[in-house]
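Read through the structure below, which is laid out as C-alpha cells, and then see the notes.
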Amino acid sequence: MLPVFWIAAIVAIVSTVMVITRANAIHALLYLIVSLLAVAVMFMVLGAPFVAMLEIIVYAGAIMVLFVFVIMLLNLGPKGVEQERRWLKGGVWGGPCVLTFILLVEVGVMLSRSGIAESPAIVPVPPKEVGIALFGPYLIGVQLAGILLLGGLVAAYHIGRPEPRDEEKPT
Amino acid sequence: MTIPMEQGLMIAGVLFILGLVGLMVRRNVVFMLISVEIMLNAAGLAFVVAGARWGAADGQVMFLFILAMAAAEVAVGLALVLRIFGQNKTLDIDAANALASSVSVGFQEPAIAQAGEPIVAPTDAQTKSPDESATRGETDPC
Amino acid sequence: MNETVRILLCVVGIPFIALNFAAGLIWVERRLLAVWQERYGPNRVGPFGLLQPIADAIKLHFKEDWIPPFADKAVFVIAPGIVMATAMLSCAVLPIAPGIGVVDDMNVALLFFLAMSSMGAYSIVLAGWASNNKYSLLGAVRAAAQMLSYEVFMGLSLMGVVVMAGTFSLRGIVEAQQDMWFCIPQFIGMCIFLIAGFAETHRLPFDLPEAEAELVAGFHSEYSSMKFGMFFVGEYIGVVVISALMTTLFFGGWMGPWLPPIVWFLLKTMLVVFLFILCRAALPRPRYDQLMSFGWKLLLPLSLLNVVVTGGIKLALMEGPR
C-alpha cells in the first residue's frame with residue numbers, strides 16, 4: 001500500500017503546483033479537484049476511510065462545485081485569462097517562492113530531528129469510532145461548527161443579496 | 001506496514017506552502033480563495049496523519065471541523081467575491097481598497113484622505129483600471 | 001483458484017452487464033413510453049425492435065466527432081469521460097447478491113456512492129462550460145445549482161437508513177432488513193431519495209439542465225458522435241445505479257423467497273427502473289424556481305425531520321444502559 005501513498009502524494013503535489021500556476025480559473029479548479037482526490041486516496045491508505053469519503057463529498061463535490069458555479073456566473077471569458085496571465089508574468093514568483101522554500105526547509109529539518117521515526121502499523125479507524133468521538137468528547141465542537149455554519153449561511157445570504165439601489169440607478 | 005508519519009507531515013507542509021505561494025502571488029480574489037482552500041486542506045492532512053499515528057479518531061474529528069469551517073468560509077468568501085466584482089467590475093484584490101485613506105472620492109471628509117495620500121497614491125493609481133476608477137465615484141464605499 | 005475466478009468474473013462481468021443493461025434500457029424505455037403514449041415505438045430492427053440499441057450505437061460511432069473551434073478542447077473531451085467513469089465506479093459498491101460484487105464489503109460504501117454521484121455533477125457542469133455556448137452555459141449553471149442542492153437531500157434522506165442499520169456498509173444495510181424492509185419505516189426517506197435521484201440523474205421531471213424546449217438540449221448541444229453517446233449511456237447507468245440502490249436500501253436487496261438472490265435483485269431493480277420511466281411518461285417539467293423552492297423549502301425540512309425522528313425512536317428503543 002505504501003507505493004499507493006507515494007503515487008497519491010506526488011499527484012497531489014504536482015496538481016497543486018498546476019493549480020497555483022494556471023491562468024484559467026476552471027483549469028485551476030480541475031487540478032485542485034484532482035489534488036483533493038489524491039489527498040482522499042492518502043486518507044484511505046492512512047486508515048481513515050470516513051474522512052476520505054467526506055473529502056470527496058464535501059470538498060471536491062460541494063465546495064468546488066460552488067467555485068465553478070461562481071466562476072461561471074462571473075463568466076470572465078478569454079479576457080479574464082489574458083489579464084491573469086499578465087498578472088502572473090515577471091518577478092512576482094521570486095520573493096514568495098524563496099521565502100516559503102526557506103520555511104519548508106525549516107519544517108523538514110525540524111521533522112527529521114524530532115525522532116518520531118518508530119511509527120506503529122496502520123490501524124483503520126472505522127466511521128463508527130469517529131462518530132462516537134465526535135458526539136462524545138467533541139460535542140461542544142459540533143455545536144460550535146453548527147453555529148458557525150448558521151452564521152456563514154446568514155452572512156452569505158446577506159452579502160449575496162442584490163442591492164436594490166443598483167437596479168434603480170440608470171447606468 | 002507502518003505509517004509514513006514524517007513523510008505525511010512533510011507532504012502536508014509542501015501542500016501548505018504551495019497554497020501560501022499561491023496566496024502571495026495571485027491578485028485575483030477567486031485564486032486567493034482557492035489558495036486558502038489548499039492551505040486548509042493541507043492542515044487537514046496533517047491532522048489525519050497525526051491521528052493515524054496514534055490510531056485515534058481525534059485527527060479525523062479535527063478534519064471534520066476544518067471541513068465545516070471551510071464550507072462556511074467559502075460560502076461567505078464567494079458571496080464577497082460576487083459583491084466585489086459587482087462593485088469594482090474587476091476581481092483585482094488591489095482595487096478593493098475603498099477603506100484605504102487614499103481613495104477620497106467616495107468619502108465625505110477630505111481631511112482624512114489627504115493625510116495618507118502621498119504615500120499610497122502612486123502605487124494605487126497603477127493598479128486601478130480606468131473604467132473601475134470612473135465608477136468608484138458613484139458607488140457607495142461600504 | 002475458484003476464488004480468483006469469482007473475483008475476476010465480478011470485476012469484469014459487473015461493468016459489462018451494467019453497460020449492456022443501460023444500453024438495453026434505451027430500448028425498454030422507448031417501448032414502454034410508446035405503450036403509455038399509445039404508439040408503437042421502435043419495432044423494425046430485429047424482433048420487437050430489440051436490436052435498436054445496437055443500431056443506435058453503430059450510428060453514433062460513425063457520426064463525425066466534431067469539436068467546436070470555440071470550445072475549451074481539453075475540458076470538452078474530459079467531460080463525457082467523467083460521467084461514464086463515475087457511473088461505472090458507483091457500480092463497484094453495489095451488493096448484488098452474497099458473494100457477487102466488485103468490492104465485497106466496503107465499510108463506507110454508501111458514502112462512496114454519494115461521493116461518486118457528486119463527482120458526476122462535474123461532467124455536466126464542465127461540458128456546459130467548455131462548449132462555450134450561451135445555452136450550454138445556462139444548462140451548466142442550472143445543473144450546478146440543481147445537483148448541489150439535491151445532493152444535500154439525497155445524503156440526508158439516506159441517513160435515516162444508516163441510523164436504523166447502524167452502518168454505512170451496503171451489505172450490512174441489506175442484512176439489517178432481514179425482518180422488515182426499510183421502505184416501511186423509512187417511507188419518507190425513500191420518497192425523498194427517489195425525488196433526489198430524479199434530480200441527480202436529471203431525468204425528465206427534473207431535466208432542466210437539458211430541457212430541449214428552452215435550452216436546445218442544454219449542456220450537450222455541442223456534443224456529437226460517441227461523446228454524446230457517453231452522456232446518454234452515462235445517464236442510463238445512473239438510472240440503473242439509483243434503482244439498484246433503492247432496491248438495496250429500501251427493498252431488502254437480494255432477499256426474497258424461492259428464487260435465487262440475484263434474480264430477486266434484478267427483478268426489484270427492474271421494477272424501480274420502470275417507475276423511473278413511468279414518471280418520465282406521466283409528469284411535466286417544473287419551472288426552475290419551483291424546483292429549487294420545492295427542494296429547499298419542502299424536502300430539506302422533511303429529510304431533517306426524518307433523521308431526527310428516526311434517531312429519537314432508535315434511541316428510545318435502545319436496550320440497556322448506554
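In the C-alpha cells, chains take letters A, B, ... by order of appearance, with residues numbered from 1 within each chain and ligands from 1 in the order shown.
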Kindly provide the residues of stretch 14-114 of chain B that approach stretch 133-144 of chain A to within 9 Å, each paired with its closest atom pair and their distance in Å to one decimal, based on only C-alpha atoms, listed by chain and increasing number, as a Markdown table.
```
| residue | atom | partner | partner_atom | distance |
| --- | --- | --- | --- | --- |
| B:Ala57 | CA | A:Ala133 | CA | 6.5 |
| B:Asp58 | CA | A:Ala133 | CA | 6.9 |
| B:Val61 | CA | A:Leu134 | CA | 6.0 |
| B:Leu64 | CA | A:Leu134 | CA | 9.0 |
| B:Phe65 | CA | A:Gly141 | CA | 7.5 |
```
Specify as a ChimeraX atom specification all residues of chain A found within 10 Å of chain C, counting only C-alpha atoms. /A:26-27,30,33,49-58,60-66,68-73,75,77,126-128
May I have the residues from that selection written out with N, CA and C atoms, as a short mmCIF file (atom, residue, chain, number, x, y, z; two decimals), in the first residue's frame?
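Once written, selection29.cif looks like this:
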```cif
data_model
loop_
_atom_site.label_atom_id
_atom_site.label_comp_id
_atom_site.auth_asym_id
_atom_site.auth_seq_id
_atom_site.Cartn_x
_atom_site.Cartn_y
_atom_site.Cartn_z
N ILE A 26 -11.09 27.77 -14.36
CA ILE A 26 -11.71 26.45 -14.38
C ILE A 26 -10.64 25.36 -14.44
N HIS A 27 -9.58 25.60 -15.23
CA HIS A 27 -8.49 24.61 -15.27
C HIS A 27 -7.85 24.46 -13.90
N LEU A 30 -10.03 22.37 -11.78
CA LEU A 30 -9.98 20.95 -12.13
C LEU A 30 -8.74 20.31 -11.51
N ILE A 33 -9.33 19.78 -7.91
CA ILE A 33 -10.17 18.60 -7.64
C ILE A 33 -9.31 17.34 -7.68
N PRO A 49 -11.08 5.92 6.22
CA PRO A 49 -11.99 5.91 5.06
C PRO A 49 -13.11 6.94 5.16
N PHE A 50 -13.56 7.21 6.41
CA PHE A 50 -14.69 8.12 6.58
C PHE A 50 -14.35 9.52 6.08
N VAL A 51 -13.20 10.05 6.52
CA VAL A 51 -12.87 11.40 6.08
C VAL A 51 -12.45 11.41 4.63
N ALA A 52 -11.93 10.27 4.13
CA ALA A 52 -11.60 10.23 2.71
C ALA A 52 -12.86 10.46 1.88
N MET A 53 -13.94 9.78 2.26
CA MET A 53 -15.20 9.95 1.53
C MET A 53 -15.74 11.37 1.71
N LEU A 54 -15.64 11.89 2.95
CA LEU A 54 -16.17 13.24 3.18
C LEU A 54 -15.34 14.27 2.42
N GLU A 55 -14.05 13.99 2.27
CA GLU A 55 -13.22 14.90 1.48
C GLU A 55 -13.77 15.00 0.06
N ILE A 56 -14.14 13.84 -0.49
CA ILE A 56 -14.66 13.87 -1.86
C ILE A 56 -16.05 14.51 -1.89
N ILE A 57 -16.92 14.10 -0.94
CA ILE A 57 -18.30 14.60 -1.00
C ILE A 57 -18.34 16.10 -0.74
N VAL A 58 -17.69 16.54 0.34
CA VAL A 58 -17.85 17.93 0.74
C VAL A 58 -16.85 18.83 0.02
N ALA A 60 -14.42 18.15 -2.63
CA ALA A 60 -14.36 18.08 -4.09
C ALA A 60 -15.75 18.18 -4.70
N GLY A 61 -16.76 17.69 -3.98
CA GLY A 61 -18.08 17.61 -4.58
C GLY A 61 -18.96 18.81 -4.35
N ALA A 62 -18.80 19.50 -3.23
CA ALA A 62 -19.70 20.61 -2.94
C ALA A 62 -18.98 21.95 -3.00
N ILE A 63 -17.86 22.07 -2.30
CA ILE A 63 -17.20 23.38 -2.23
C ILE A 63 -16.66 23.76 -3.60
N MET A 64 -16.09 22.76 -4.30
CA MET A 64 -15.50 23.07 -5.61
C MET A 64 -16.59 23.35 -6.64
N VAL A 65 -17.74 22.66 -6.52
CA VAL A 65 -18.85 22.98 -7.43
C VAL A 65 -19.29 24.42 -7.22
N LEU A 66 -19.25 24.85 -5.97
CA LEU A 66 -19.62 26.24 -5.66
C LEU A 66 -18.67 27.20 -6.36
N VAL A 68 -16.89 26.57 -9.08
CA VAL A 68 -17.17 26.50 -10.53
C VAL A 68 -18.40 27.32 -10.85
N PHE A 69 -19.41 27.21 -9.99
CA PHE A 69 -20.67 27.93 -10.18
C PHE A 69 -20.41 29.43 -10.22
N VAL A 70 -19.63 29.92 -9.25
CA VAL A 70 -19.37 31.36 -9.19
C VAL A 70 -18.56 31.82 -10.39
N ILE A 71 -17.58 30.98 -10.80
CA ILE A 71 -16.77 31.38 -11.95
C ILE A 71 -17.64 31.42 -13.21
N MET A 72 -18.59 30.48 -13.30
CA MET A 72 -19.47 30.51 -14.46
C MET A 72 -20.40 31.72 -14.41
N LEU A 73 -20.82 32.12 -13.20
CA LEU A 73 -21.67 33.30 -13.07
C LEU A 73 -20.92 34.55 -13.49
N ASN A 75 -18.32 34.62 -15.51
CA ASN A 75 -18.15 34.46 -16.96
C ASN A 75 -17.16 35.46 -17.54
N GLY A 77 -14.40 34.85 -19.34
CA GLY A 77 -14.01 34.55 -20.72
C GLY A 77 -12.51 34.73 -20.95
N PRO A 126 -12.68 2.96 11.96
CA PRO A 126 -13.97 2.90 11.25
C PRO A 126 -14.82 4.13 11.55
N PRO A 127 -15.80 4.41 10.67
CA PRO A 127 -16.65 5.59 10.85
C PRO A 127 -17.34 5.64 12.20
N LYS A 128 -17.69 4.47 12.72
CA LYS A 128 -18.42 4.44 13.99
C LYS A 128 -17.60 5.10 15.10
#
```
Write out as a ChimeraX atom specification which residues come within 12 Å of C:Phe198 when counting only C-alpha atoms, dropping same-chain ones fewer than 3 positions away. /C:146-147,150-151,153-154,191-195,201-208,235-236,238-243,272-273,275-277,279-280,283,285,291
Pick the closest to B:Met39 from A:Ile20, A:Phe5, A:Leu46, A:Val11: which is it, counting only C-alpha atoms?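 Result for the nearest residue to B:Met39: A:Ile20.
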May I ask which of the residues B:Ile66, B:Glu6, B:Leu23, B:Ala98 is the closest one to A:Thr100, counting only C-alpha atoms? B:Leu23
For C:Gly253, the nearest of the candidates C:Pro15, C:Gly41, C:Gly160, C:Gly172, counting only C-alpha atoms: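 Checking each of C:Pro15, C:Gly41, C:Gly160, C:Gly172 against C:Gly253, counting only C-alpha atoms, the winner is C:Gly172.
Take atom CA of B:Glu73 and atom CA of B:Ala42: the distance between them is 15.9 Å.
With only C-alpha atoms as the atoms that count, the minimum distance from B:Gln60 to the choices B:Val76, B:Met24, B:Ala43, B:Ile34 is reached by B:Ala43.
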Quick one: everything within 12 Å of A:Glu106, counting only C-alpha atoms, minus sequence neighbours fewer than 5 positions away in the same chain. Send it as a ChimeraX atom specification. /A:99-101,111-113 /B:10,13-14,17
Name the residues in contact with B:Ala46 at a cut-off of 6 Å, using only C-alpha atoms, excluding same-chain residues fewer than 2 positions from it; report them as a PyMOL selection string. chain B and resi 9+12+43-44+48-49
Keeping only all heavy atoms, write those residues as a short mmCIF file (atom, residue, chain, number, x, y, z; two decimals), in the first residue's frame.
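Just written: out00.cif:
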```
data_model
loop_
_atom_site.label_atom_id
_atom_site.label_comp_id
_atom_site.auth_asym_id
_atom_site.auth_seq_id
_atom_site.Cartn_x
_atom_site.Cartn_y
_atom_site.Cartn_z
N LEU B 9 3.60 14.27 7.11
CA LEU B 9 3.62 15.66 7.59
C LEU B 9 4.36 16.55 6.60
O LEU B 9 3.99 17.70 6.37
CB LEU B 9 4.27 15.72 8.96
CG LEU B 9 3.43 15.17 10.10
CD1 LEU B 9 4.18 15.26 11.40
CD2 LEU B 9 2.12 15.94 10.21
N ALA B 12 2.13 17.36 3.78
CA ALA B 12 1.19 18.40 4.22
C ALA B 12 1.88 19.76 4.20
O ALA B 12 1.30 20.76 3.76
CB ALA B 12 0.67 18.07 5.61
N ALA B 43 -3.67 21.50 6.11
CA ALA B 43 -3.77 21.40 7.58
C ALA B 43 -4.57 20.17 7.96
O ALA B 43 -4.22 19.42 8.89
CB ALA B 43 -4.42 22.66 8.13
N GLY B 44 -5.64 19.91 7.22
CA GLY B 44 -6.44 18.72 7.49
C GLY B 44 -5.66 17.45 7.30
O GLY B 44 -5.76 16.50 8.09
N VAL B 48 -4.96 14.40 9.98
CA VAL B 48 -5.30 12.99 9.78
C VAL B 48 -4.06 12.12 9.93
O VAL B 48 -4.11 11.03 10.52
CB VAL B 48 -5.97 12.79 8.41
CG1 VAL B 48 -6.17 11.32 8.12
CG2 VAL B 48 -7.30 13.49 8.38
N VAL B 49 -2.92 12.61 9.41
CA VAL B 49 -1.67 11.83 9.56
C VAL B 49 -1.35 11.66 11.04
O VAL B 49 -1.03 10.56 11.51
CB VAL B 49 -0.51 12.54 8.83
CG1 VAL B 49 0.80 11.87 9.17
CG2 VAL B 49 -0.73 12.49 7.35
#
```
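Comparing the minimum interatomic distances between chain A and each of B:Gly22, B:Met32, B:Ala100, B:Ala70, counting only C-alpha atoms, we find that B:Gly22 sits nearest.
If you look at atom CA of A:Gly108 and atom CA of B:Gly55, they are 23.6 Å away from each other.
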